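J.: Just passing along the structure, written as structure tokens.
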Amino acid sequence: MKKIKIIAPATIANIVCGFDVLGLAVNIPNDEIIMKKSYYPGIRINKIYGAKLSKKINVISLALQALLKKYKKSNIGFEIEIYKNIQPGSGIGSSAASAAGIVVGANYLLGNPFNKIDLIKFAMEGERLAGGVPHADNVAPAIMGGITLIRSYKPLDIISLRSPEKIWVSIIHPQIEIKTSDARELLKQQILMTEAISQLGNLAALIAGLYKKDYNLISRSLNDVIVEPIRAILIPAFNSLKIKCKSIGALGGGISGSGPSVFMLSKGKKKAELVSNVMENIYSKLELKYKIYTSSIKKTGIVYYEFN
């Protein structure tokens with residue numbers, strides 16, 4: 001049986017002012033999945049490295065079940081090994097990498113019967129388990145690469161946005177866990193008209209800045225008046241981290257997904273490395289473990305290759 005290795009990237013959802021509609025993929029960290037078709041029907045997850053996850057009910061099994069239900073052939077089976085390098089609950093798309101990676105791999109092994117929108121829908125069913133809501137702002141960039149915009153969920157309409165090559169990302173992941181479902185419970189169910197207007201203006205200007213490669217406009221637009229003020233209290237040293245990173249030239253940033261990871265965008269690799277150093281200096285003074293990543297935006301999304 002043909003065996004493939006799948007590399008599924010971490011992702012940043014929301015991108016400050018784009019709550020539930022914007023996301024981007026990064027080159028590191030990433031999950032790895034090894035899978036092949038089985039002679040026996042059903043889904044068999046033989047090994048999971050790097051995280052304590054159920055082998056029976058998890059985002060991978062649910063996403064794959066959604067794909068197989070649509071495929072409508074009952075004699076299909078897969079054998080799977082999972083290597084989790086993106087820590088669950090990190091806020092950088094751990095569940096999305098697993099769900100998206102498995103459906104992209106299965107689609108290839110089945111002869112590519114589904115398009116990318118189909119695959120995103122299947123992966124969203126895995127995200128339903130992780131966050132309680134089948135959102136696409138992580139799985140879409142994981143599958144499509146770059147920066148993606150979700151214009152609509154009904155029907156699902158996803159647009160690939162321009163990703164300026166000079167934009168780099170610095171990420172710090174404090175080793176605490178914030179569940180997506182818990183973070184959603186903090187959010188207000190109603191917002192003021194003034195807040196909605198401000199948020200829409202920032203979102204539109206951010207997209208314009210990406211297309212114009214106007215880094216000053218991008219920087220001015222990275223402002224969230226709705227979600228970040230509520231969720232920031234969950235993340236140690238968030239405000240000082242953001243202020244100090246911007247003071248040395250970061251374009252801006254905020255909470256990655258529902259947290260606890262914090263990301264900052266910068267113009268160029270050198271600036272992003274300086275921002276990562278500032279992040280480390282701040283967190284090295286706290287009694288808290290952390291991981292830091294510096295990456296360009298991953299344009300290709302999930303990749304895979306055959307091996308023996």
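If you're wondering about the labels, chains in the structure tokens are A, B, ... by order shown, residues count from 1 in each chain, ligands from 1 in order shown.
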Mind checking which residues fall within 10 Å of A:Gly252, counting only C-alpha atoms, ignoring those fewer than 4 positions away in the same chain, and posting them as a VMD selection string?
T.: chain A and resid 15 to 16 218 to 223 242 to 243 245 to 247 263 to 266
J.: Those selected residues, please, written with C-alpha atoms and delivered as a PDB file, in the first residue's frame.
T.:
```pdb
ATOM      1  CA  ILE A  15      -5.061  38.237  12.958  1.00  0.00           C
ATOM      2  CA  VAL A  16      -6.180  40.848  15.511  1.00  0.00           C
ATOM      3  CA  ILE A 218      -1.027  47.344   8.065  1.00  0.00           C
ATOM      4  CA  SER A 219       0.400  48.555  11.362  1.00  0.00           C
ATOM      5  CA  ARG A 220      -2.384  51.093  11.943  1.00  0.00           C
ATOM      6  CA  SER A 221      -5.022  48.481  11.177  1.00  0.00           C
ATOM      7  CA  LEU A 222      -3.824  45.816  13.624  1.00  0.00           C
ATOM      8  CA  ASN A 223      -6.228  46.908  16.339  1.00  0.00           C
ATOM      9  CA  LYS A 242       2.727  44.054  22.925  1.00  0.00           C
ATOM     10  CA  ILE A 243       3.912  47.557  23.879  1.00  0.00           C
ATOM     11  CA  CYS A 245       7.482  44.710  20.687  1.00  0.00           C
ATOM     12  CA  LYS A 246       5.867  47.637  18.919  1.00  0.00           C
ATOM     13  CA  SER A 247       8.373  50.047  20.479  1.00  0.00           C
ATOM     14  CA  PHE A 263       2.058  36.809  17.720  1.00  0.00           C
ATOM     15  CA  MET A 264       3.600  39.927  16.247  1.00  0.00           C
ATOM     16  CA  LEU A 265       4.045  40.807  12.586  1.00  0.00           C
ATOM     17  CA  SER A 266       7.218  42.527  11.390  1.00  0.00           C
TER      18      SER A 266
END
```
J.: Need the shell around A:Lys298: protein/DNA/RNA residues with any atom at most 9 Å away, counting only C-alpha atoms. Skip same-chain ones fewer than 4 positions apart. Format as a list of chain:residue names?
T.: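 These residues fall inside the cut-off: A:Pro9, A:Leu24, A:Ala25, A:Val26, A:Asn27, A:Ile28, A:Pro141, A:Ala142, A:Gly145, A:Gly146, A:Ile147.
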J.: Just all heavy atoms for this one: save the residues we selected as an mmCIF file, in the first residue's frame.
T.:
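After the write, out-v9.cif holds the following:
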```cif
data_model
loop_
_atom_site.group_PDB
_atom_site.id
_atom_site.type_symbol
_atom_site.label_atom_id
_atom_site.label_comp_id
_atom_site.auth_asym_id
_atom_site.auth_seq_id
_atom_site.Cartn_x
_atom_site.Cartn_y
_atom_site.Cartn_z
ATOM 1 N N PRO A 9 0.968 22.753 8.701
ATOM 2 C CA PRO A 9 1.543 23.902 9.421
ATOM 3 C C PRO A 9 0.680 24.412 10.563
ATOM 4 O O PRO A 9 -0.549 24.241 10.592
ATOM 5 C CB PRO A 9 1.626 24.964 8.315
ATOM 6 C CG PRO A 9 0.461 24.657 7.435
ATOM 7 C CD PRO A 9 0.377 23.150 7.413
ATOM 8 N N LEU A 24 -3.743 32.838 8.949
ATOM 9 C CA LEU A 24 -2.533 32.688 8.136
ATOM 10 C C LEU A 24 -1.749 31.469 8.588
ATOM 11 O O LEU A 24 -1.850 31.027 9.731
ATOM 12 C CB LEU A 24 -1.668 33.949 8.181
ATOM 13 C CG LEU A 24 -1.020 34.404 9.482
ATOM 14 C CD1 LEU A 24 0.289 33.655 9.770
ATOM 15 C CD2 LEU A 24 -0.738 35.896 9.442
ATOM 16 N N ALA A 25 -0.988 30.913 7.658
ATOM 17 C CA ALA A 25 -0.164 29.742 7.933
ATOM 18 C C ALA A 25 1.293 30.155 8.096
ATOM 19 O O ALA A 25 1.762 31.082 7.437
ATOM 20 C CB ALA A 25 -0.283 28.727 6.796
ATOM 21 N N VAL A 26 1.997 29.480 9.000
ATOM 22 C CA VAL A 26 3.424 29.734 9.216
ATOM 23 C C VAL A 26 4.224 28.467 8.924
ATOM 24 O O VAL A 26 3.673 27.362 8.863
ATOM 25 C CB VAL A 26 3.697 30.218 10.660
ATOM 26 C CG1 VAL A 26 3.088 31.589 10.892
ATOM 27 C CG2 VAL A 26 3.161 29.228 11.692
ATOM 28 N N ASN A 27 5.526 28.630 8.733
ATOM 29 C CA ASN A 27 6.375 27.489 8.380
ATOM 30 C C ASN A 27 6.740 26.609 9.565
ATOM 31 O O ASN A 27 6.935 25.401 9.415
ATOM 32 C CB ASN A 27 7.653 27.994 7.698
ATOM 33 C CG ASN A 27 7.412 28.365 6.249
ATOM 34 O OD1 ASN A 27 7.188 27.502 5.420
ATOM 35 N ND2 ASN A 27 7.421 29.657 5.942
ATOM 36 N N ILE A 28 6.855 27.212 10.750
ATOM 37 C CA ILE A 28 7.137 26.434 11.961
ATOM 38 C C ILE A 28 6.286 26.967 13.105
ATOM 39 O O ILE A 28 6.016 28.170 13.158
ATOM 40 C CB ILE A 28 8.631 26.491 12.358
ATOM 41 C CG1 ILE A 28 9.103 27.947 12.479
ATOM 42 C CG2 ILE A 28 9.483 25.695 11.405
ATOM 43 C CD1 ILE A 28 10.479 28.083 13.085
ATOM 44 N N PRO A 141 -6.344 28.405 6.110
ATOM 45 C CA PRO A 141 -4.957 28.691 5.742
ATOM 46 C C PRO A 141 -4.056 27.464 5.792
ATOM 47 O O PRO A 141 -3.077 27.374 5.039
ATOM 48 C CB PRO A 141 -4.530 29.757 6.753
ATOM 49 C CG PRO A 141 -5.457 29.612 7.905
ATOM 50 C CD PRO A 141 -6.759 29.163 7.302
ATOM 51 N N ALA A 142 -4.366 26.501 6.673
ATOM 52 C CA ALA A 142 -3.563 25.280 6.708
ATOM 53 C C ALA A 142 -3.633 24.551 5.379
ATOM 54 O O ALA A 142 -2.628 24.039 4.874
ATOM 55 C CB ALA A 142 -4.036 24.367 7.838
ATOM 56 N N GLY A 145 -2.845 27.675 2.403
ATOM 57 C CA GLY A 145 -1.606 28.415 2.544
ATOM 58 C C GLY A 145 -1.835 29.914 2.576
ATOM 59 O O GLY A 145 -2.923 30.406 2.263
ATOM 60 N N GLY A 146 -0.812 30.662 2.981
ATOM 61 C CA GLY A 146 -0.872 32.119 2.987
ATOM 62 C C GLY A 146 -1.877 32.668 3.973
ATOM 63 O O GLY A 146 -2.078 32.134 5.067
ATOM 64 N N ILE A 147 -2.513 33.776 3.580
ATOM 65 C CA ILE A 147 -3.536 34.430 4.391
ATOM 66 C C ILE A 147 -4.883 34.201 3.723
ATOM 67 O O ILE A 147 -5.029 34.395 2.516
ATOM 68 C CB ILE A 147 -3.264 35.941 4.512
ATOM 69 C CG1 ILE A 147 -1.861 36.183 5.093
ATOM 70 C CG2 ILE A 147 -4.314 36.616 5.394
ATOM 71 C CD1 ILE A 147 -1.454 37.655 5.126
#
```
J.: List as a list in words the protein and nucleic acid residues near stretch 121-124 of chain A, meaning an atom at most 8 Å away when only C-alpha atoms are counted, but skip any in the same chain fewer than 5 places from it.
T.: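 Selected residues are Ala63, Leu64, Ala66, Leu67, Ala96, Ala99, Ala100, Val103, Pro134, His135, Ala136 and Val139 of chain A.
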J.: Quick one: everything within 10 Å of A:Gln87, counting only C-alpha atoms, minus sequence neighbours fewer than 2 positions away in the same chain. Send it as number ranges by chain.
T.: A: 10, 29-31, 50-51, 84-85, 89-95, 173, 175, 177
J.: Could you give me, as JSON, numbers by chain, the residues within 9 Å of A:Leu241, counting only C-alpha atoms and dropping anything in the same chain fewer than 3 positions from it?
T.: {"A": [237, 238, 244, 245, 246, 262, 278, 279, 282, 283]}
J.: Write down as a ChimeraX atom specification the residues of stretch 205-296 of chain A whose backbone DSSP state falls under helix (DSSP H, G or I).
T.: /A:205-212,215-221,228-234,238-247,269-283
J.: Please identify all polymer residues within 10 Å of A:Leu210, counting only C-alpha atoms, omitting same-chain residues fewer than 2 positions from it, and present them as a ChimeraX atom specification.
T.: /A:147,161-164,167,205-208,212-215,217-218
J.: Given only C-alpha atoms as the basis, pick out the residue of A:Ile76, A:Gly101, A:Tyr290, A:Ala106 nearest to A:Ala8.
T.: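 Nearest to A:Ala8: A:Gly101.
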J.: I'd like the neighbourhood of A:Lys56 as an NGL selection string, where a residue qualifies if any of its atoms comes within 9 Å (using only C-alpha atoms), though same-chain residues fewer than 5 positions away should be ignored.
T.: :A and (43-45 or 61)
J.: Quick one: write out the picked residues with N, CA, C and O atoms as a PDB file, in the first residue's frame?
T.:
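Listing of again-v4.pdb after writing:
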```pdb
ATOM      1  N   ILE A  43     -10.901   3.296  10.472  1.00  0.00           N
ATOM      2  CA  ILE A  43      -9.819   4.229  10.783  1.00  0.00           C
ATOM      3  C   ILE A  43      -9.024   3.679  11.956  1.00  0.00           C
ATOM      4  O   ILE A  43      -9.574   3.451  13.038  1.00  0.00           O
ATOM      5  N   ARG A  44      -7.738   3.459  11.741  1.00  0.00           N
ATOM      6  CA  ARG A  44      -6.879   2.936  12.805  1.00  0.00           C
ATOM      7  C   ARG A  44      -5.742   3.917  13.060  1.00  0.00           C
ATOM      8  O   ARG A  44      -4.885   4.115  12.205  1.00  0.00           O
ATOM      9  N   ILE A  45      -5.772   4.537  14.230  1.00  0.00           N
ATOM     10  CA  ILE A  45      -4.676   5.414  14.651  1.00  0.00           C
ATOM     11  C   ILE A  45      -3.749   4.563  15.519  1.00  0.00           C
ATOM     12  O   ILE A  45      -4.058   4.232  16.664  1.00  0.00           O
ATOM     13  N   SER A  61     -10.151  11.629  13.615  1.00  0.00           N
ATOM     14  CA  SER A  61     -11.173  10.630  13.300  1.00  0.00           C
ATOM     15  C   SER A  61     -12.462  11.278  12.823  1.00  0.00           C
ATOM     16  O   SER A  61     -13.104  10.792  11.882  1.00  0.00           O
TER      17      SER A  61
END
```
J.: Report, in Å with one decimal, the straight-line distance from atom CA of A:Ile102 to atom CA of A:Ile60.
T.: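 Separation of atom CA of A:Ile102 and atom CA of A:Ile60: 6.3 Å.
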J.: In Å to one decimal, how far is atom CA of A:Thr11 from atom CA of A:Lys299?
T.: 11.7 Å
J.: For atom CA of A:Gly132 and atom CA of A:Lys47, quote the distance in Å rounded to one decimal.
T.: 25.4 Å
J.: Could you find all residues in stretch 73-288 of chain A that DSSP calls strand (DSSP E or B) from the backbone, and write them as a ChimeraX atom specification?
T.: /A:77-83,147-153,156-161,167-174,252-255,262-267
J.: From the set A:Ile171, A:Val225, A:Gly126, A:Lys52, which residue has the shortest atom-to-atom contact distance to A:Ser296, counting only C-alpha atoms?
T.: A:Ile171
